[in-house]
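Each remark here refers to the structure printed beneath this line.
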Amino acid sequence: MSKPYYITTAISYPNGKPHIGHAYEAIAADVIARFQRMSGRKVRFQTGTDEHGLKVYQKARDVGREPRDLADEMTSHFIAMGEKLNISYDRFQRTVDPDHHSASQEIWRRMEANGDLYLDRYEGWYSVRDEAYYDESELGEGEGGEKLSPQGTPVEWTAEESWFFRLSNYADRLLALYADHPSFIAPERSRNEIIRFVEGGLKDLSVSRTSFDWGVKVPDSDGHVMYVWVDALTNYISGLGFPDETEEWRTFWPCDLHLIGKDITRFHAVYWPAFLMSAGIELPKQVFAHGFVLNRGRKESKSEGNVTDPLALADTYGVDPVRYFLMREIAFGQDGSYSDEAIVTRANAELANSFGNFAQRILSMVHKNMDGKLTAGYEVSDEDSKLEKTVANAIGELRTDFEALNFSEGLDAWMRAVFACNQYIDDQAPWALRKTDPERMQAVLMTCFRLVRPLALALRPVTPEAADKLLDQIGMGENRDFSALDEAGWFDALTGSDFTLEKPQGVFPRLELPSGKGE
Ligand code: ME8
C-alpha cells in the first residue's frame with residue numbers, strides 16, 4: 001500500500017474575492033497533490049475558507065450585511081476559483097460548519113484540561129473602529145497630541161476579560177522541535193526567522209474575544225468567542241473528522257505539508273504546534289512558507305487599484321499557461337513578480353514555441369508521412385539513444401526537484417530536454433530524409449514520438465488539461481502516473497493495436513498580449 005500524503009493550503013478570509021496570491025497558493029498545492037498522486041501516493045488535499053474573526057465581521061458591518069451572508073457569497077467565489085483553475089482538492093473546509101465548531105471546542109477542552117488556558121484581563125490600546133489592540137510602539141499621534149492607531153483611528157486604554165493560552169511554557173519544547181526536525185519549517189529563511197522569534201521568549205496568547213460574537217463559542221464561558229486563529233488552525237484536523245477516529249483521520253494525520261504564505265508562518269510554526277502539543281495531538285511534518293506574488297514588483301492593493309482577478313487572467317491566457325507561468329517563473333519560497341507581458345513571453349517561448357511546437361511537428365509528420373501508423377521495426381542510432389537518455393535524466397531531475405518543492409528548477413530541467421529534442425529534429429531533418437532515406441525518417445519520427453509521452457507526462461501536474469489532451473492524441477492508456485514510464489512494452493502494444501494517429505490538435509496555442517495590456 002502506498003504511503004498516504006496529506007497537504008493543506010491556508011484557508012482564505014472570505015472578506016473579498018480571491019486575488020492572485022490565493023490563486024498562486026491553490027495552484028502550487030494542486031501541483032504538489034497531482035505530483036504525489038502520480039508518484040503513487042494516496043493523497044488528501046484540503047483547502048477552504050476562514051470565516052470568523054474581525055476581518056469578515058467588519059467588512060460585513062461596513063457593507064450593511066450579516067457576516068454569514070457575506071461569508072457565504074465570498075466563499076462561493078473561492079469555490080469557483082478552485083473549479084476554474086483545476087484545483088483537485090478533496091475537501092473544501094468552511095469554518096462555519098457545525099462539525100468545525102465542535103472540533104474547535106474539543107481542542108479547546110483538551111488544552112484547558114492540560115492546564116494551558118486561564119482567564120485574565122487583557123489590557124492595551126484598543127481602537128473601537130478597527131476592533132483591534134495595538135502595541136504602544138505601533139501608535140502615532142494626532143494633531144492635538146492624541147494617540148492614533150496605524151490606521152489613524154483613535155485608541156483608548158482598554159481592559160477586557162480574555163482567555164489566555166500559556167504559550168510562554170512552550171518555548172523550549174518548540175525550540176527542541178525545530179532542532180530535532182530541521183525540516184519542520186521551510187524554507188531556511190522562515191526557519192531562521194521563527195527560531196529567532198521563539199528564542200526571544202514567548203508571551204502568553206490572548207485566545208478569546210468578548211467584543212463581538214462572530215466566532216466559535218468558548219465552551220462554558222458566556223460571552224467569549226475564540227480568537228479566530230484558534231479555530232482557523234483547527235480546520236486542518238476538523239476536515240478529517242477530528243475528534244472522531246474516522247478513517248480519514250487515521251489515514252492522513254499527521255499532515256505531510258501545510259502550505260502557507262510567508263506572512264502567516266508564526267501562526268503555523270509556533271502557535272499551531274504549541275496548541276497540538278497541549279492537546280496531545282501529533283504534530284504535522286512540515287510547514288512550508290511560499291513567497292508573495294507581486295504585480296510588477298508591487299504588492300496588489302485595492303487602494304492602488306492594481307488588484308488582479310485570477311479568473312480573468314485565466315480567461316485571457318488559459319488556465320494551463322497561467323499555472324505554468326507561476327510555477328516556472330517564481331523560485332518556490334521566494335517572492336516573484338508577474339505581468340501580462342511576462343506570462344505571454346514565457347508561455348509562448350516555452351509552451352507554444354518549444355514543447356508545443358515539438359509535439360505538433362512530430363505528430364503532424366507521423367500523421368502525414370506515415371499515415372498516422374506507428375512502427376516498431378526501425379534501427380536505433382546512437383543519437384537516438386542519446387536523446388532518450390537526455391529526456392529520461394531530465395525527467396528524473398524534475399521528479400527529484402518537485403519532491404523537494406523546487407518547481408522552477410524541475411521545469412528548467414524539463415525545458416532543457418525539450419530544447420534537446422528540438423535540436424535533434426533540426427539536426428536529423430526528417431523532412432529531408434523523407435526522400436533520401438525513408439527508413440531513417442521513420443526512426444527519427446518514432447524516437448521523437450516516444451519522447452512526447454514522458455515529456456507530456458512530466459508536465460501533467462502543472463498543465464493537467466493540455467498534457468491529457470496531448471496524451472489522449474498519442475493513444476496513452478489510463479495509467480498516467482509516473483509508473484507508466486516503466487511500462488516497457490507500451491510502444492509495442494500501441495504499434496500492435498489498430499491505433500492511428502489522427503490529425504493533431506495543438507494544445508499550447510500562441511498567446512497574444514491584449515491591446516492595452518503591458519507598458
Ligand atoms: O491569512 N502572494 O487568509 P488570507 C502569495 N485566513 N500569497 C499570498 C498573497 C500574495 N500576494 N497574499 C496572500 C489568511 N497570500 C488566514 C489563514 S490558515 C489556518 C488561516 C496567501 O486570505 C497568504 O499568505 O489573508 C495565505 O497563505 C493565503 O494567501 C490566504 O491569505
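Convention: chains lettered A, B, ... in C-alpha cells order; per-chain residue numbering from 1; ligands numbered from 1 as shown.
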Distance query stretch 495-506 of chain A at most 6 Å, only C-alpha atoms, self and fewer than 5 positions along chain excluded, as number ranges by chain:
A: 367, 372-375
Restricting it to N, CA and C atoms, dump the selection as a tab-separated table (two decimals), in the first residue's frame.
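Saved result, part_14.tsv, follows:
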chain	number	residue	atom	x	y	z
A	367	HIS	N	1.50	11.78	-38.83
A	367	HIS	CA	0.16	11.72	-39.43
A	367	HIS	C	0.27	11.77	-40.96
A	372	GLY	N	-0.25	8.16	-40.11
A	372	GLY	CA	-0.66	8.01	-38.71
A	372	GLY	C	-0.36	6.64	-38.13
A	373	LYS	N	0.38	5.81	-38.86
A	373	LYS	CA	0.69	4.46	-38.37
A	373	LYS	C	2.06	4.44	-37.71
A	374	LEU	N	2.12	3.83	-36.54
A	374	LEU	CA	3.40	3.76	-35.84
A	374	LEU	C	4.10	2.47	-36.26
A	375	THR	N	5.43	2.50	-36.17
A	375	THR	CA	6.14	1.25	-36.45
A	375	THR	C	7.22	1.03	-35.39
Selection within 6 Å of ligand 1 by only C-alpha atoms and all ligand atoms, output as a PyMOL selection string:
chain A and resi 10-13+21-22+25+50+232-233+260-264+291-294
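Using only C-alpha atoms, the smallest distance between any of A:Val270, A:Ile237, A:Ile7, A:Met226 and A:Leu202 comes from A:Val270.
Proximity to A:Phe212 was assessed for A:Arg250, A:Arg94, A:Arg61, A:Lys299 counting only C-alpha atoms; the smallest distance is recorded for A:Arg61.
The shortest atom-to-atom distance to A:Arg110, with only C-alpha atoms taken into account, belongs to A:Pro219 out of A:Pro321, A:Gly516, A:Pro219, A:Pro464.
The gap separating atom CA of A:Gln423 from atom CA of A:Tyr317 is 27.7 Å, in Å to one decimal.
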Find the residues near stretch 135-138 of chain A: any atom within 12 Å, counting only C-alpha atoms, skip ones fewer than 4 places away on the same chain, and give them as number ranges by chain.
A: 123-127, 147-152, 155-157
Limited to N, CA and C atoms, could you put the picked residues into a file as a CSV table (one decimal), in the first residue's frame?
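Done, and the output landed in again29.csv:
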chain,number,residue,atom,x,y,z
A,123,GLU,N,-5.1,43.9,28.5
A,123,GLU,CA,-5.1,45.4,28.5
A,123,GLU,C,-4.2,45.9,27.4
A,124,GLY,N,-4.7,47.0,26.8
A,124,GLY,CA,-3.8,47.5,25.8
A,124,GLY,C,-4.6,48.7,25.1
A,125,TRP,N,-3.9,49.2,24.1
A,125,TRP,CA,-4.5,50.3,23.3
A,125,TRP,C,-5.5,49.7,22.3
A,126,TYR,N,-6.7,50.1,22.4
A,126,TYR,CA,-7.7,49.5,21.6
A,126,TYR,C,-8.4,50.5,20.7
A,127,SER,N,-8.6,50.2,19.5
A,127,SER,CA,-9.3,51.0,18.6
A,127,SER,C,-10.7,50.4,18.3
A,147,LYS,N,-3.3,59.9,20.8
A,147,LYS,CA,-2.8,58.7,20.2
A,147,LYS,C,-3.7,58.1,19.2
A,148,LEU,N,-3.0,57.7,18.1
A,148,LEU,CA,-3.8,57.1,16.9
A,148,LEU,C,-3.3,55.8,16.5
A,149,SER,N,-4.1,54.9,16.1
A,149,SER,CA,-3.7,53.6,15.6
A,149,SER,C,-3.0,53.8,14.3
A,150,PRO,N,-2.3,52.7,13.8
A,150,PRO,CA,-1.6,52.8,12.5
A,150,PRO,C,-2.6,53.2,11.4
A,151,GLN,N,-3.9,52.9,11.6
A,151,GLN,CA,-4.9,53.2,10.6
A,151,GLN,C,-5.4,54.6,10.8
A,152,GLY,N,-4.9,55.4,11.8
A,152,GLY,CA,-5.3,56.8,12.0
A,152,GLY,C,-6.6,56.9,12.8
A,155,VAL,N,-7.5,55.6,19.7
A,155,VAL,CA,-7.4,54.4,20.5
A,155,VAL,C,-7.5,54.8,22.0
A,156,GLU,N,-8.0,53.9,22.8
A,156,GLU,CA,-8.1,54.2,24.2
A,156,GLU,C,-7.6,53.0,25.0
A,157,TRP,N,-7.1,53.2,26.2
A,157,TRP,CA,-6.5,52.2,27.0
A,157,TRP,C,-7.7,51.4,27.5
For a quick check of understanding, using only C-alpha atoms, which of A:Asp401, A:Glu66, A:Asp72, A:Glu383 has the smallest distance to A:Gly16?
A:Asp72
Where does DSSP see helix (DSSP H, G or I) in stretch 85-240 of chain A, if you list the residues as a PyMOL selection string?
chain A and resi 98-113+136-138+167-180+188-199+228-238
For A:Arg189, which residue out of A:Asp222, A:Gln334, A:Ser162, A:Arg209 is the nearest one, using only C-alpha atoms?
A:Gln334
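Of the listed residues (A:Ala443, A:Met415, A:Ala314, A:Ile185), A:Ile185 comes nearest to A:Val287; the distances count only C-alpha atoms.
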Would you mind listing, for every residue of stretch 214-304 of chain A within 9 Å of stretch 170-177 of chain A, the two atoms forming the shortest contact and the distance between them in Å to one decimal, using only C-alpha atoms, sorted by chain and ascending residue number, as JSON lines?
{"residue": "A:Ala269", "atom": "CA", "partner": "A:Leu174", "partner_atom": "CA", "distance": 8.7}
{"residue": "A:Val270", "atom": "CA", "partner": "A:Leu174", "partner_atom": "CA", "distance": 7.1}
{"residue": "A:Pro273", "atom": "CA", "partner": "A:Leu174", "partner_atom": "CA", "distance": 7.6}
{"residue": "A:Ala274", "atom": "CA", "partner": "A:Tyr170", "partner_atom": "CA", "distance": 6.3}
{"residue": "A:Met277", "atom": "CA", "partner": "A:Tyr170", "partner_atom": "CA", "distance": 8.7}
{"residue": "A:Ser278", "atom": "CA", "partner": "A:Tyr170", "partner_atom": "CA", "distance": 8.9}
Any chance you could list, as a PDB file with N, CA and C atoms, in the first residue's frame, the residues in stretch 139-381 of chain A that come up strand (DSSP E or B) when DSSP is run on the backbone?
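Result file follows (out_8.pdb):
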ATOM      1  N   GLY A 140       0.658  56.218  16.470  1.00  0.00           N
ATOM      2  CA  GLY A 140       1.109  57.539  16.039  1.00  0.00           C
ATOM      3  C   GLY A 140       0.402  58.602  16.869  1.00  0.00           C
ATOM      4  N   GLU A 141       0.611  59.852  16.475  1.00  0.00           N
ATOM      5  CA  GLU A 141      -0.010  60.945  17.234  1.00  0.00           C
ATOM      6  C   GLU A 141      -0.854  61.814  16.326  1.00  0.00           C
ATOM      7  N   LYS A 147      -3.341  59.868  20.845  1.00  0.00           N
ATOM      8  CA  LYS A 147      -2.759  58.665  20.249  1.00  0.00           C
ATOM      9  C   LYS A 147      -3.689  58.124  19.157  1.00  0.00           C
ATOM     10  N   LEU A 148      -3.037  57.691  18.072  1.00  0.00           N
ATOM     11  CA  LEU A 148      -3.808  57.141  16.950  1.00  0.00           C
ATOM     12  C   LEU A 148      -3.254  55.781  16.545  1.00  0.00           C
ATOM     13  N   PRO A 154      -8.792  56.692  16.474  1.00  0.00           N
ATOM     14  CA  PRO A 154      -8.495  56.920  17.899  1.00  0.00           C
ATOM     15  C   PRO A 154      -8.373  55.614  18.686  1.00  0.00           C
ATOM     16  N   GLU A 156      -8.026  53.895  22.767  1.00  0.00           N
ATOM     17  CA  GLU A 156      -8.119  54.153  24.196  1.00  0.00           C
ATOM     18  C   GLU A 156      -7.575  52.959  24.970  1.00  0.00           C
ATOM     19  N   TRP A 157      -7.071  53.238  26.158  1.00  0.00           N
ATOM     20  CA  TRP A 157      -6.543  52.170  27.005  1.00  0.00           C
ATOM     21  C   TRP A 157      -7.730  51.352  27.497  1.00  0.00           C
ATOM     22  N   THR A 158      -7.726  50.109  27.175  1.00  0.00           N
ATOM     23  CA  THR A 158      -8.901  49.291  27.453  1.00  0.00           C
ATOM     24  C   THR A 158      -8.469  47.990  28.105  1.00  0.00           C
ATOM     25  N   ALA A 159      -9.319  47.490  28.954  1.00  0.00           N
ATOM     26  CA  ALA A 159      -9.057  46.173  29.528  1.00  0.00           C
ATOM     27  C   ALA A 159     -10.300  45.334  29.325  1.00  0.00           C
ATOM     28  N   GLU A 160     -10.118  44.132  28.836  1.00  0.00           N
ATOM     29  CA  GLU A 160     -11.271  43.227  28.751  1.00  0.00           C
ATOM     30  C   GLU A 160     -10.861  41.858  29.259  1.00  0.00           C
ATOM     31  N   GLU A 161     -11.866  41.125  29.651  1.00  0.00           N
ATOM     32  CA  GLU A 161     -11.590  39.776  30.134  1.00  0.00           C
ATOM     33  C   GLU A 161     -11.268  38.893  28.928  1.00  0.00           C
ATOM     34  N   SER A 162     -10.248  38.079  29.065  1.00  0.00           N
ATOM     35  CA  SER A 162      -9.883  37.216  27.943  1.00  0.00           C
ATOM     36  C   SER A 162      -9.291  35.919  28.470  1.00  0.00           C
ATOM     37  N   TRP A 163      -9.502  34.860  27.704  1.00  0.00           N
ATOM     38  CA  TRP A 163      -8.785  33.622  27.991  1.00  0.00           C
ATOM     39  C   TRP A 163      -7.386  33.725  27.406  1.00  0.00           C
ATOM     40  N   PHE A 164      -6.435  33.154  28.138  1.00  0.00           N
ATOM     41  CA  PHE A 164      -5.043  33.140  27.657  1.00  0.00           C
ATOM     42  C   PHE A 164      -4.551  31.706  27.521  1.00  0.00           C
ATOM     43  N   PHE A 165      -3.701  31.517  26.538  1.00  0.00           N
ATOM     44  CA  PHE A 165      -3.034  30.224  26.356  1.00  0.00           C
ATOM     45  C   PHE A 165      -1.591  30.378  26.856  1.00  0.00           C
ATOM     46  N   ILE A 185      10.123  23.526   9.523  1.00  0.00           N
ATOM     47  CA  ILE A 185       9.821  24.814   8.882  1.00  0.00           C
ATOM     48  C   ILE A 185      10.737  24.977   7.674  1.00  0.00           C
ATOM     49  N   ALA A 186      10.152  25.268   6.537  1.00  0.00           N
ATOM     50  CA  ALA A 186      10.943  25.560   5.343  1.00  0.00           C
ATOM     51  C   ALA A 186      10.291  26.753   4.654  1.00  0.00           C
ATOM     52  N   LEU A 205      -0.733  33.984  25.071  1.00  0.00           N
ATOM     53  CA  LEU A 205      -1.509  34.470  23.934  1.00  0.00           C
ATOM     54  C   LEU A 205      -2.978  34.640  24.324  1.00  0.00           C
ATOM     55  N   SER A 206      -3.516  35.809  24.014  1.00  0.00           N
ATOM     56  CA  SER A 206      -4.937  36.029  24.262  1.00  0.00           C
ATOM     57  C   SER A 206      -5.751  35.242  23.230  1.00  0.00           C
ATOM     58  N   SER A 208      -9.323  34.581  23.386  1.00  0.00           N
ATOM     59  CA  SER A 208     -10.780  34.741  23.260  1.00  0.00           C
ATOM     60  C   SER A 208     -11.109  36.216  23.141  1.00  0.00           C
ATOM     61  N   ARG A 209     -12.298  36.509  22.653  1.00  0.00           N
ATOM     62  CA  ARG A 209     -12.768  37.881  22.469  1.00  0.00           C
ATOM     63  C   ARG A 209     -14.178  38.008  23.035  1.00  0.00           C
ATOM     64  N   LYS A 217     -17.988  29.613  19.859  1.00  0.00           N
ATOM     65  CA  LYS A 217     -18.195  29.893  21.283  1.00  0.00           C
ATOM     66  C   LYS A 217     -17.189  29.115  22.128  1.00  0.00           C
ATOM     67  N   VAL A 225     -15.971  34.389  22.443  1.00  0.00           N
ATOM     68  CA  VAL A 225     -15.739  33.557  21.253  1.00  0.00           C
ATOM     69  C   VAL A 225     -14.234  33.379  21.100  1.00  0.00           C
ATOM     70  N   MET A 226     -13.843  32.302  20.426  1.00  0.00           N
ATOM     71  CA  MET A 226     -12.409  32.018  20.286  1.00  0.00           C
ATOM     72  C   MET A 226     -11.755  33.038  19.369  1.00  0.00           C
ATOM     73  N   LEU A 257       2.175  18.254   4.794  1.00  0.00           N
ATOM     74  CA  LEU A 257       2.590  19.610   4.414  1.00  0.00           C
ATOM     75  C   LEU A 257       1.471  20.619   4.590  1.00  0.00           C
ATOM     76  N   HIS A 258       1.741  21.615   5.444  1.00  0.00           N
ATOM     77  CA  HIS A 258       0.878  22.803   5.486  1.00  0.00           C
ATOM     78  C   HIS A 258       1.538  23.837   4.581  1.00  0.00           C
ATOM     79  N   LEU A 259       0.930  24.098   3.450  1.00  0.00           N
ATOM     80  CA  LEU A 259       1.467  25.110   2.541  1.00  0.00           C
ATOM     81  C   LEU A 259       0.788  26.439   2.854  1.00  0.00           C
ATOM     82  N   ILE A 260       1.606  27.450   3.122  1.00  0.00           N
ATOM     83  CA  ILE A 260       1.075  28.760   3.532  1.00  0.00           C
ATOM     84  C   ILE A 260       1.942  29.860   2.932  1.00  0.00           C
ATOM     85  N   GLY A 261       1.479  31.109   3.041  1.00  0.00           N
ATOM     86  CA  GLY A 261       2.297  32.240   2.636  1.00  0.00           C
ATOM     87  C   GLY A 261       3.163  32.699   3.798  1.00  0.00           C
ATOM     88  N   VAL A 287       5.816  22.709   7.658  1.00  0.00           N
ATOM     89  CA  VAL A 287       5.147  23.958   7.298  1.00  0.00           C
ATOM     90  C   VAL A 287       6.048  24.621   6.263  1.00  0.00           C
ATOM     91  N   PHE A 288       5.527  24.843   5.084  1.00  0.00           N
ATOM     92  CA  PHE A 288       6.341  25.490   4.047  1.00  0.00           C
ATOM     93  C   PHE A 288       5.732  26.854   3.731  1.00  0.00           C
ATOM     94  N   ALA A 289       6.555  27.901   3.849  1.00  0.00           N
ATOM     95  CA  ALA A 289       6.074  29.265   3.607  1.00  0.00           C
ATOM     96  C   ALA A 289       6.522  29.738   2.228  1.00  0.00           C
ATOM     97  N   HIS A 290       5.560  29.851   1.323  1.00  0.00           N
ATOM     98  CA  HIS A 290       5.919  30.360  -0.010  1.00  0.00           C
ATOM     99  C   HIS A 290       5.991  31.887   0.023  1.00  0.00           C
ATOM    100  N   VAL A 293       3.406  36.915  -4.413  1.00  0.00           N
ATOM    101  CA  VAL A 293       3.337  37.230  -5.838  1.00  0.00           C
ATOM    102  C   VAL A 293       3.046  38.720  -5.952  1.00  0.00           C
ATOM    103  N   LEU A 294       3.932  39.403  -6.639  1.00  0.00           N
ATOM    104  CA  LEU A 294       3.792  40.851  -6.759  1.00  0.00           C
ATOM    105  C   LEU A 294       3.405  41.213  -8.189  1.00  0.00           C
ATOM    106  N   ASN A 295       2.691  42.298  -8.311  1.00  0.00           N
ATOM    107  CA  ASN A 295       2.255  42.775  -9.618  1.00  0.00           C
ATOM    108  C   ASN A 295       3.298  43.786 -10.085  1.00  0.00           C
ATOM    109  N   ARG A 298       5.160  45.168  -7.272  1.00  0.00           N
ATOM    110  CA  ARG A 298       4.435  45.857  -6.193  1.00  0.00           C
ATOM    111  C   ARG A 298       3.325  44.979  -5.641  1.00  0.00           C
ATOM    112  N   GLY A 336       7.973  36.727  -6.065  1.00  0.00           N
ATOM    113  CA  GLY A 336       8.145  36.812  -7.508  1.00  0.00           C
ATOM    114  C   GLY A 336       7.153  37.802  -8.073  1.00  0.00           C
ATOM    115  N   SER A 337       7.392  38.170  -9.317  1.00  0.00           N
ATOM    116  CA  SER A 337       6.566  39.192  -9.933  1.00  0.00           C
ATOM    117  C   SER A 337       5.885  38.630 -11.161  1.00  0.00           C
ATOM    118  N   TYR A 338       4.751  39.192 -11.478  1.00  0.00           N
ATOM    119  CA  TYR A 338       4.140  38.801 -12.740  1.00  0.00           C
ATOM    120  C   TYR A 338       3.625  40.037 -13.454  1.00  0.00           C
TER     121      TYR A 338
END
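The spacing separating atom CA of A:Tyr89 from atom CA of A:Phe45 amounts to 4.8 Å.
The neighbours of A:Arg440 here are the residues that come within 8 Å of it, using only C-alpha atoms and leaving out any residue fewer than 6 positions away in the same chain; they are Tyr378, Glu379, Pro430 and Leu433 of chain A.
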Take the residues from that selection and put them in a file with N, CA and C atoms, as a short mmCIF file (atom, residue, chain, number, x, y, z; two decimals), in the first residue's frame.
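Result saved to result_20.cif:
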data_model
loop_
_atom_site.label_atom_id
_atom_site.label_comp_id
_atom_site.auth_asym_id
_atom_site.auth_seq_id
_atom_site.Cartn_x
_atom_site.Cartn_y
_atom_site.Cartn_z
N TYR A 378 12.37 -0.40 -36.51
CA TYR A 378 13.38 0.54 -37.02
C TYR A 378 14.66 0.38 -36.23
N GLU A 379 15.73 0.83 -36.83
CA GLU A 379 17.03 0.70 -36.17
C GLU A 379 17.34 1.94 -35.34
N PRO A 430 14.08 15.27 -40.51
CA PRO A 430 13.30 14.17 -41.07
C PRO A 430 12.59 14.53 -42.37
N LEU A 433 14.87 13.61 -45.00
CA LEU A 433 15.07 12.15 -45.08
C LEU A 433 13.93 11.45 -45.82
#
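Coordinates place atom CA of A:Val96 at a distance of 14.3 Å from atom CA of A:Leu54.
Excluding A:Ala467 and any residue on its chain fewer than 4 positions from it, the residues at most 8 Å away by only C-alpha atoms are Ala456, Leu457, Leu459, Arg460, Thr463, Leu471 and Val507 of chain A.
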Please, could you write that set of residues out with C-alpha atoms as a PDB file, in the first residue's frame?
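Generated output (part-v4.pdb):
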ATOM      1  CA  ALA A 456       3.834  15.394 -21.530  1.00  0.00           C
ATOM      2  CA  LEU A 457       3.543  13.139 -18.504  1.00  0.00           C
ATOM      3  CA  LEU A 459       4.272  18.353 -17.271  1.00  0.00           C
ATOM      4  CA  ARG A 460       0.950  16.863 -16.228  1.00  0.00           C
ATOM      5  CA  THR A 463      -0.673  21.758 -17.006  1.00  0.00           C
ATOM      6  CA  LEU A 471      -1.593  12.109 -24.147  1.00  0.00           C
ATOM      7  CA  VAL A 507      -2.543  22.043 -27.117  1.00  0.00           C
TER       8      VAL A 507
END
